[in-house]
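Student: Got a file for you: upload.csv, CSV, C-alpha atoms.
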chain,number,residue,atom,x,y,z
A,1,MET,CA,-24.7,62.4,-115.2
A,2,VAL,CA,-24.4,62.5,-111.4
A,3,SER,CA,-26.3,59.8,-109.7
A,4,GLU,CA,-29.5,60.9,-107.8
A,5,SER,CA,-28.1,59.3,-104.6
A,6,TRP,CA,-25.6,62.2,-104.4
A,7,TYR,CA,-28.4,64.7,-104.5
A,8,VAL,CA,-30.3,62.8,-101.8
A,9,ALA,CA,-27.1,62.7,-99.7
A,10,LEU,CA,-26.6,66.4,-100.1
A,11,SER,CA,-30.3,66.9,-99.1
A,12,ALA,CA,-29.6,64.9,-96.0
A,13,VAL,CA,-26.7,67.0,-95.1
A,14,LEU,CA,-28.6,70.3,-95.6
A,15,PHE,CA,-31.5,68.9,-93.6
A,16,THR,CA,-29.2,68.1,-90.7
A,17,ILE,CA,-27.7,71.6,-90.8
A,18,GLY,CA,-31.2,73.0,-90.6
A,19,VAL,CA,-32.1,70.8,-87.6
A,20,VAL,CA,-28.9,71.8,-85.7
A,21,GLY,CA,-29.7,75.5,-86.6
A,22,VAL,CA,-33.2,75.2,-85.1
A,23,VAL,CA,-31.8,73.7,-81.9
A,24,VAL,CA,-28.7,75.8,-81.4
A,25,ARG,CA,-29.9,79.4,-82.3
A,26,ARG,CA,-32.0,81.5,-80.0
A,27,ASN,CA,-33.2,84.1,-82.5
A,28,PRO,CA,-36.7,83.0,-83.7
A,29,LEU,CA,-36.0,84.6,-87.1
A,30,VAL,CA,-32.9,82.5,-87.6
A,31,MET,CA,-34.8,79.4,-86.4
A,32,PHE,CA,-37.4,80.1,-89.1
A,33,MET,CA,-34.7,80.4,-91.7
A,34,SER,CA,-33.3,77.1,-90.6
A,35,ILE,CA,-36.8,75.6,-91.1
A,36,GLU,CA,-36.7,77.0,-94.6
A,37,LEU,CA,-33.4,75.2,-95.1
A,38,MET,CA,-35.0,71.9,-94.0
A,39,LEU,CA,-37.9,72.4,-96.4
A,40,ASN,CA,-35.5,73.1,-99.2
A,41,ALA,CA,-33.5,70.0,-98.4
A,42,ALA,CA,-36.8,67.9,-98.6
A,43,ASN,CA,-37.7,69.6,-101.9
A,44,LEU,CA,-34.3,68.7,-103.3
A,45,ALA,CA,-34.9,65.1,-102.3
A,46,PHE,CA,-38.3,65.2,-103.9
A,47,VAL,CA,-36.9,66.5,-107.2
A,48,ALA,CA,-34.1,63.9,-107.1
A,49,PHE,CA,-36.6,61.0,-106.5
A,50,GLY,CA,-38.9,62.3,-109.3
A,51,HIS,CA,-35.9,62.5,-111.6
A,52,ARG,CA,-35.1,58.9,-110.8
A,53,ALA,CA,-38.6,57.7,-111.2
A,54,GLY,CA,-38.9,59.5,-114.5
A,55,SER,CA,-42.1,61.4,-113.6
A,56,ALA,CA,-43.0,65.0,-112.9
A,57,ASP,CA,-44.9,64.1,-109.7
A,58,GLY,CA,-42.0,65.1,-107.4
A,59,GLN,CA,-41.9,68.5,-109.0
A,60,VAL,CA,-45.7,69.0,-108.4
A,61,VAL,CA,-45.2,68.1,-104.7
A,62,VAL,CA,-42.3,70.6,-104.5
A,63,LEU,CA,-44.7,73.2,-105.9
A,64,PHE,CA,-47.2,72.5,-103.1
A,65,VAL,CA,-44.4,72.6,-100.5
A,66,MET,CA,-43.4,76.0,-101.7
A,67,ALA,CA,-47.0,77.3,-101.4
A,68,VAL,CA,-47.3,75.9,-97.8
A,69,ALA,CA,-43.9,77.4,-97.0
A,70,ALA,CA,-45.0,80.8,-98.2
A,71,ALA,CA,-48.1,80.6,-96.0
A,72,GLU,CA,-46.1,79.3,-93.0
A,73,VAL,CA,-43.6,82.1,-93.3
A,74,ALA,CA,-46.2,84.8,-93.5
A,75,VAL,CA,-48.1,83.6,-90.4
A,76,GLY,CA,-44.9,82.8,-88.5
A,77,LEU,CA,-43.4,86.2,-89.1
A,78,ALA,CA,-46.6,87.9,-88.1
A,79,ILE,CA,-46.6,86.0,-84.8
A,80,ILE,CA,-43.0,86.9,-84.2
A,81,VAL,CA,-43.6,90.6,-84.9
A,82,THR,CA,-46.7,90.6,-82.6
A,83,VAL,CA,-44.9,88.9,-79.8
A,84,PHE,CA,-42.0,91.4,-80.2
A,85,ARG,CA,-44.5,94.3,-80.0
A,86,VAL,CA,-45.8,93.0,-76.7
A,87,ARG,CA,-42.6,91.7,-75.0
A,88,ARG,CA,-40.0,94.0,-76.6
A,89,ARG,CA,-37.6,91.1,-76.6
A,90,LEU,CA,-36.7,88.5,-79.2
A,91,SER,CA,-35.4,85.3,-77.6
A,92,VAL,CA,-37.3,82.0,-77.7
A,93,ASP,CA,-36.2,81.2,-74.2
A,94,ASP,CA,-38.5,84.0,-73.0
A,95,LEU,CA,-41.5,82.6,-74.9
A,96,SER,CA,-42.7,79.5,-73.4
A,97,LEU,CA,-46.3,80.5,-73.6
A,98,MET,CA,-48.3,81.4,-76.7
A,99,ARG,CA,-50.5,83.9,-74.7
A,100,TRP,CA,-49.9,87.3,-73.5
B,101,MET,CA,-17.8,67.7,-116.2
B,102,ALA,CA,-21.1,67.2,-114.6
B,103,TRP,CA,-19.3,66.1,-111.5
B,104,VAL,CA,-17.3,69.3,-111.2
B,105,GLY,CA,-20.5,71.4,-111.5
B,106,PHE,CA,-22.3,69.3,-108.9
B,107,VAL,CA,-19.5,69.3,-106.4
B,108,THR,CA,-19.0,73.1,-106.8
B,109,ILE,CA,-22.7,73.8,-106.3
B,110,ALA,CA,-23.0,71.3,-103.4
B,111,ALA,CA,-20.1,72.8,-101.6
B,112,LEU,CA,-21.6,76.3,-102.1
B,113,ALA,CA,-24.9,75.1,-100.7
B,114,VAL,CA,-23.4,73.4,-97.6
B,115,ALA,CA,-21.1,76.4,-96.9
B,116,SER,CA,-23.9,78.9,-97.1
B,117,ALA,CA,-26.1,76.7,-94.9
B,118,LEU,CA,-23.3,76.5,-92.3
B,119,GLY,CA,-22.9,80.3,-92.6
B,120,LEU,CA,-26.7,80.7,-91.8
B,121,VAL,CA,-26.4,78.6,-88.7
B,122,LEU,CA,-23.0,79.9,-87.4
B,123,LYS,CA,-23.2,83.6,-88.1
B,124,ARG,CA,-24.6,85.7,-85.3
B,125,ASN,CA,-26.0,88.5,-87.4
B,126,ALA,CA,-29.5,87.6,-88.6
B,127,ILE,CA,-29.2,89.7,-91.8
B,128,HIS,CA,-26.0,87.9,-92.7
B,129,GLY,CA,-27.9,84.7,-92.2
B,130,ALA,CA,-30.6,85.9,-94.5
B,131,LEU,CA,-28.0,86.6,-97.2
B,132,PHE,CA,-26.5,83.2,-96.7
B,133,LEU,CA,-29.9,81.6,-97.1
B,134,VAL,CA,-30.4,83.5,-100.4
B,135,VAL,CA,-27.1,82.0,-101.6
B,136,ASN,CA,-28.3,78.5,-100.5
B,137,LEU,CA,-31.6,78.9,-102.3
B,138,GLY,CA,-29.8,79.9,-105.4
B,139,ALA,CA,-27.5,76.9,-105.2
B,140,VAL,CA,-30.5,74.6,-104.8
B,141,ALA,CA,-32.2,76.3,-107.8
B,142,ALA,CA,-29.0,75.5,-109.8
B,143,LEU,CA,-29.3,71.9,-108.7
B,144,TYR,CA,-32.9,71.8,-109.9
B,145,LEU,CA,-31.5,73.0,-113.3
B,146,THR,CA,-29.0,70.1,-113.3
B,147,LEU,CA,-31.9,67.7,-112.6
B,148,GLY,CA,-33.8,69.0,-115.5
B,149,ALA,CA,-36.5,70.9,-113.5
B,150,GLU,CA,-36.2,74.3,-115.2
B,151,PHE,CA,-39.7,75.5,-114.1
B,152,LEU,CA,-39.0,74.7,-110.5
B,153,ALA,CA,-35.7,76.5,-110.6
B,154,ALA,CA,-37.5,79.6,-111.9
B,155,VAL,CA,-40.2,79.3,-109.2
B,156,GLN,CA,-37.5,78.8,-106.6
B,157,VAL,CA,-35.8,82.0,-107.5
B,158,ILE,CA,-39.1,84.0,-107.8
B,159,VAL,CA,-41.0,82.6,-104.8
B,160,TYR,CA,-38.2,81.7,-102.3
B,161,ALA,CA,-35.3,83.9,-103.1
B,162,GLY,CA,-37.7,86.7,-104.1
B,163,ALA,CA,-40.9,86.9,-102.1
B,164,ILE,CA,-40.1,84.8,-99.0
B,165,MET,CA,-36.7,86.3,-98.4
B,166,VAL,CA,-38.0,89.8,-98.9
B,167,LEU,CA,-40.5,89.0,-96.1
B,168,PHE,CA,-37.6,87.8,-93.9
B,169,VAL,CA,-35.4,90.8,-94.5
B,170,PHE,CA,-38.4,93.1,-93.8
B,171,ALA,CA,-39.1,91.3,-90.5
B,172,ILE,CA,-35.4,91.5,-89.6
B,173,MET,CA,-35.4,95.3,-90.3
B,174,VAL,CA,-38.6,95.8,-88.3
B,175,LEU,CA,-37.4,93.9,-85.3
B,176,ILE,CA,-33.8,95.3,-85.3
B,177,PRO,CA,-32.1,92.2,-83.9
B,178,GLY,CA,-28.5,91.7,-83.1
B,179,LYS,CA,-28.5,92.1,-79.4
B,180,GLU,CA,-30.7,89.2,-78.5
B,181,GLU,CA,-28.0,86.5,-78.6
B,182,THR,CA,-25.3,88.4,-76.7
B,183,GLY,CA,-26.5,87.7,-73.2
B,184,LEU,CA,-25.6,84.6,-71.1
B,185,ASP,CA,-27.1,81.5,-72.5
B,186,PRO,CA,-29.2,79.8,-69.8
B,187,ARG,CA,-29.3,76.5,-71.7
B,188,ARG,CA,-25.7,76.4,-73.0
B,189,GLY,CA,-25.1,72.8,-71.8
B,190,TRP,CA,-28.0,71.5,-73.8
B,191,ARG,CA,-27.1,73.5,-76.9
B,192,LEU,CA,-23.6,72.0,-76.9
B,193,VAL,CA,-25.1,68.6,-77.2
B,194,ALA,CA,-26.8,69.6,-80.5
B,195,PRO,CA,-23.8,69.3,-82.9
B,196,PRO,CA,-22.8,65.7,-82.0
B,197,VAL,CA,-26.5,64.6,-82.1
B,198,GLY,CA,-26.8,66.4,-85.5
B,199,ALA,CA,-23.7,64.6,-86.8
B,200,LEU,CA,-25.3,61.3,-85.7
B,201,LEU,CA,-28.5,62.2,-87.5
B,202,ALA,CA,-26.5,63.1,-90.7
B,203,LEU,CA,-24.6,59.8,-90.4
B,204,GLN,CA,-27.9,57.8,-90.1
B,205,LEU,CA,-29.5,59.6,-93.0
B,206,LEU,CA,-26.4,59.1,-95.2
B,207,LEU,CA,-26.4,55.4,-94.3
B,208,VAL,CA,-30.1,55.1,-95.3
B,209,VAL,CA,-29.4,56.8,-98.6
B,210,ARG,CA,-26.4,54.5,-99.2
B,211,ALA,CA,-28.5,51.4,-98.4
B,212,GLY,CA,-31.6,52.5,-100.2
B,213,LEU,CA,-30.5,53.8,-103.6
B,214,ALA,CA,-28.6,51.6,-106.0
B,215,PRO,CA,-26.4,53.5,-108.4
B,216,ALA,CA,-27.9,52.1,-111.5
B,217,ALA,CA,-30.9,52.2,-113.9
B,218,PRO,CA,-30.9,55.4,-115.9
B,219,ALA,CA,-34.5,56.3,-116.0
B,220,ALA,CA,-36.3,58.0,-118.9
B,221,ALA,CA,-35.7,61.8,-119.1
B,222,VAL,CA,-38.2,63.8,-117.2
B,223,PRO,CA,-39.7,66.7,-119.1
B,224,GLY,CA,-39.0,69.7,-116.8
B,225,GLY,CA,-41.0,72.3,-118.5
B,226,VAL,CA,-44.3,73.8,-117.5
B,227,GLU,CA,-46.5,71.4,-119.6
B,228,PRO,CA,-46.1,68.1,-117.7
B,229,ILE,CA,-46.3,69.8,-114.3
B,230,ALA,CA,-49.5,71.7,-115.3
B,231,ARG,CA,-51.0,68.6,-116.7
B,232,LEU,CA,-50.5,66.7,-113.4
B,233,LEU,CA,-51.5,69.8,-111.3
B,234,PHE,CA,-54.9,70.1,-113.0
B,235,THR,CA,-55.7,66.4,-113.2
B,236,ARG,CA,-54.3,64.1,-110.5
B,237,TYR,CA,-53.5,66.9,-108.1
B,238,LEU,CA,-56.5,69.1,-108.6
B,239,PHE,CA,-57.9,68.7,-105.2
B,240,PRO,CA,-54.7,69.5,-103.3
B,241,PHE,CA,-54.3,72.4,-105.7
B,242,GLU,CA,-57.7,73.8,-104.7
B,243,LEU,CA,-56.8,73.2,-101.0
B,244,THR,CA,-53.7,75.2,-101.4
B,245,SER,CA,-55.8,78.2,-102.4
B,246,VAL,CA,-57.9,77.8,-99.3
B,247,LEU,CA,-54.7,77.6,-97.2
B,248,LEU,CA,-53.2,80.7,-98.7
B,249,LEU,CA,-56.5,82.6,-98.1
B,250,ALA,CA,-56.5,81.4,-94.5
B,251,ALA,CA,-52.9,82.5,-94.0
B,252,MET,CA,-53.7,85.9,-95.5
B,253,VAL,CA,-56.7,86.4,-93.2
B,254,GLY,CA,-54.6,85.2,-90.2
B,255,VAL,CA,-51.8,87.6,-90.9
B,256,LEU,CA,-54.2,90.5,-91.2
B,257,LEU,CA,-55.7,89.5,-87.9
B,258,LEU,CA,-52.3,89.3,-86.2
B,259,ALA,CA,-50.9,92.5,-87.7
B,260,ARG,CA,-53.8,94.8,-86.9
B,261,ARG,CA,-53.2,97.3,-84.1
B,262,ARG,CA,-55.1,96.7,-80.9
B,263,SER,CA,-56.8,99.7,-79.6
Once more with this new file: its structure as structure tokens, please.
Tutor:
Amino acid sequence: MVSESWYVALSAVLFTIGVVGVVVRRNPLVMFMSIELMLNAANLAFVAFGHRAGSADGQVVVLFVMAVAAAEVAVGLAIIVTVFRVRRRLSVDDLSLMRW
Amino acid sequence: MAWVGFVTIAALAVASALGLVLKRNAIHGALFLVVNLGAVAALYLTLGAEFLAAVQVIVYAGAIMVLFVFAIMVLIPGKEETGLDPRRGWRLVAPPVGALLALQLLLVVRAGLAPAAPAAAVPGGVEPIARLLFTRYLFPFELTSVLLLAAMVGVLLLARRRS
């Protein structure tokens, strides 16, 4: 059995890649996908900790995170599509205001 | 044997995450993210969380990624990152700072988790999760339904055509 520390370490690496993706990319869609990457890394850590503690609580929390992520993606993509409809451009550097 | 499987899946997850960040094409990024989500689902299986692995594939790799691919198709990106980057200097700082963050997190993991104490096996099926969900976590569970309803109404409000 692989120790849970390795799962948490992998989750840390994936989280960092997501952070760098959000900072480096200019396409809001790719930034959103990087946020999903970070959420997944956190989920992996939750499951690993739950496995270590011998309880199913971590898995329940992951279930909640998935529901919140689904809601967040729906609203976020709707905002991106609406902004694109108004501005006809898709770069976060143009979007410093949330009004149009 | 478990080590070989873990290292393979972990390498796949890290490589696909890097592909998502480094590839310019958004649709390639979406496919890389699907690979990553699948790899994480496989890791859930190795941790004994079979139900979560199934939910991960259905909700994440299924529903959420379909939404992403749909948005990418609607917006037809691909040209938005070709122009001159006005903040190139700042973006070049990101990889070293990210490496520093990874180093710190790994140090915390190394310091915090001792590699001992095999805990009792966690039942990964539906039954223990459902028991917790409808007893201890009943209130958050109900709040989730309110959240999903609010998201649905918000999306409808945003997506309607202004006349």
Student: Using all atoms listed in the file, find the one residue out of A:Ala45, A:Leu39, A:Val2, A:Val86 that sits nearest to Val73 of chain A.
Tutor: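 For Val73 of chain A, the nearest of the candidates is A:Leu39.
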Student: Excluding Val22 of chain A and residues on its chain fewer than 6 positions from it, collect all residues at most 9 Å away from it, counting all atoms listed in the file, and give them as a short mmCIF file (atom, residue, chain, number, x, y, z; two decimals) with C-alpha atoms, keeping the file's coordinate frame.
Tutor:
data_model
loop_
_atom_site.label_atom_id
_atom_site.label_comp_id
_atom_site.auth_asym_id
_atom_site.auth_seq_id
_atom_site.Cartn_x
_atom_site.Cartn_y
_atom_site.Cartn_z
CA PRO A 28 -36.70 83.00 -83.70
CA VAL A 30 -32.90 82.50 -87.60
CA MET A 31 -34.80 79.40 -86.40
CA PHE A 32 -37.40 80.10 -89.10
CA MET A 33 -34.70 80.40 -91.70
CA SER A 34 -33.30 77.10 -90.60
CA ILE A 35 -36.80 75.60 -91.10
CA VAL B 121 -26.40 78.60 -88.70
#
Student: Go through B:Leu257, B:Val104, B:Ala111, B:Ala194 and flag the residue nearest chain A, using only C-alpha atoms for the distances.
Tutor: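 Smallest distance to chain A is found for B:Ala194.
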Student: Record the distance separating atom CA of Tyr144 of chain B and atom CA of Ala251 of chain B, expressed in Å with one decimal.
Tutor: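 Computing it gives 27.7 Å between the two atoms.
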Student: Residues near segment 62-70 of chain A, anyone? I mean within 10 Å using only C-alpha atoms, not counting same-chain ones fewer than 2 positions away, as a PDB file with C-alpha atoms, keeping the file's coordinate frame.
Tutor:
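Generated output (part-v5.pdb):
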ATOM      1  CA  ILE A  35     -36.800  75.600 -91.100  1.00  0.00           C
ATOM      2  CA  GLU A  36     -36.700  77.000 -94.600  1.00  0.00           C
ATOM      3  CA  LEU A  39     -37.900  72.400 -96.400  1.00  0.00           C
ATOM      4  CA  ASN A  40     -35.500  73.100 -99.200  1.00  0.00           C
ATOM      5  CA  ALA A  42     -36.800  67.900 -98.600  1.00  0.00           C
ATOM      6  CA  ASN A  43     -37.700  69.600-101.900  1.00  0.00           C
ATOM      7  CA  LEU A  44     -34.300  68.700-103.300  1.00  0.00           C
ATOM      8  CA  ALA A  45     -34.900  65.100-102.300  1.00  0.00           C
ATOM      9  CA  PHE A  46     -38.300  65.200-103.900  1.00  0.00           C
ATOM     10  CA  VAL A  47     -36.900  66.500-107.200  1.00  0.00           C
ATOM     11  CA  ASP A  57     -44.900  64.100-109.700  1.00  0.00           C
ATOM     12  CA  GLY A  58     -42.000  65.100-107.400  1.00  0.00           C
ATOM     13  CA  GLN A  59     -41.900  68.500-109.000  1.00  0.00           C
ATOM     14  CA  VAL A  60     -45.700  69.000-108.400  1.00  0.00           C
ATOM     15  CA  GLU A  72     -46.100  79.300 -93.000  1.00  0.00           C
ATOM     16  CA  VAL A  73     -43.600  82.100 -93.300  1.00  0.00           C
ATOM     17  CA  ALA A  74     -46.200  84.800 -93.500  1.00  0.00           C
ATOM     18  CA  VAL A  75     -48.100  83.600 -90.400  1.00  0.00           C
ATOM     19  CA  GLY A  76     -44.900  82.800 -88.500  1.00  0.00           C
TER      20      GLY A  76
ATOM     21  CA  PHE B 151     -39.700  75.500-114.100  1.00  0.00           C
ATOM     22  CA  LEU B 152     -39.000  74.700-110.500  1.00  0.00           C
ATOM     23  CA  VAL B 155     -40.200  79.300-109.200  1.00  0.00           C
ATOM     24  CA  GLN B 156     -37.500  78.800-106.600  1.00  0.00           C
ATOM     25  CA  VAL B 159     -41.000  82.600-104.800  1.00  0.00           C
ATOM     26  CA  TYR B 160     -38.200  81.700-102.300  1.00  0.00           C
ATOM     27  CA  ALA B 163     -40.900  86.900-102.100  1.00  0.00           C
ATOM     28  CA  ILE B 164     -40.100  84.800 -99.000  1.00  0.00           C
ATOM     29  CA  MET B 165     -36.700  86.300 -98.400  1.00  0.00           C
ATOM     30  CA  LEU B 167     -40.500  89.000 -96.100  1.00  0.00           C
ATOM     31  CA  ILE B 229     -46.300  69.800-114.300  1.00  0.00           C
ATOM     32  CA  LEU B 233     -51.500  69.800-111.300  1.00  0.00           C
ATOM     33  CA  TYR B 237     -53.500  66.900-108.100  1.00  0.00           C
ATOM     34  CA  PRO B 240     -54.700  69.500-103.300  1.00  0.00           C
ATOM     35  CA  PHE B 241     -54.300  72.400-105.700  1.00  0.00           C
ATOM     36  CA  LEU B 243     -56.800  73.200-101.000  1.00  0.00           C
ATOM     37  CA  THR B 244     -53.700  75.200-101.400  1.00  0.00           C
ATOM     38  CA  SER B 245     -55.800  78.200-102.400  1.00  0.00           C
ATOM     39  CA  LEU B 247     -54.700  77.600 -97.200  1.00  0.00           C
ATOM     40  CA  LEU B 248     -53.200  80.700 -98.700  1.00  0.00           C
ATOM     41  CA  ALA B 251     -52.900  82.500 -94.000  1.00  0.00           C
TER      42      ALA B 251
END
Student: Pick from A:Val8, A:Val24, A:Ala71, A:Ala78: nearest to Ala48 of chain A, with only C-alpha atoms counted?
Tutor: A:Val8
Student: So, with all atoms listed in the file as the atoms that count, which of B:Ala130, B:Gly225, B:Leu203, B:Arg236 lies closest to Ala171 of chain B?
Tutor: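 Distance minimum relative to Ala171 of chain B lands on B:Ala130.
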Student: When you draw a straight line from atom CA of Ser116 of chain B to atom CA of Leu133 of chain B, how long is it in Å?
Tutor: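 Atom CA of Leu133 of chain B lies at a distance of 6.6 Å from atom CA of Ser116 of chain B.
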Student: Report, in Å with one decimal, the straight-line distance from atom CA of Asn27 of chain A to atom CA of Asn125 of chain B.
Tutor: 9.8 Å
Student: Would you please work out which residue, of B:Leu175, B:Trp103, B:Leu131, B:Gly148, is nearest to Arg52 of chain A when using all atoms listed in the file?
Tutor: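 That would be B:Gly148, the residue with the smallest distance to Arg52 of chain A.
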Student: With distances taken over all atoms listed in the file, which of B:Gly105, B:Phe234, B:Leu145, B:Gly198 is nearest to chain A?
Tutor: B:Gly198
Student: Neighbouring residues of segment 138-140 of chain B were defined as those with any atom within 6 Å, considering only C-alpha atoms; residues of the same chain fewer than 3 positions away were excluded. Please report them as JSON, numbers by chain.
Tutor: {"B": [109, 113, 135, 143]}
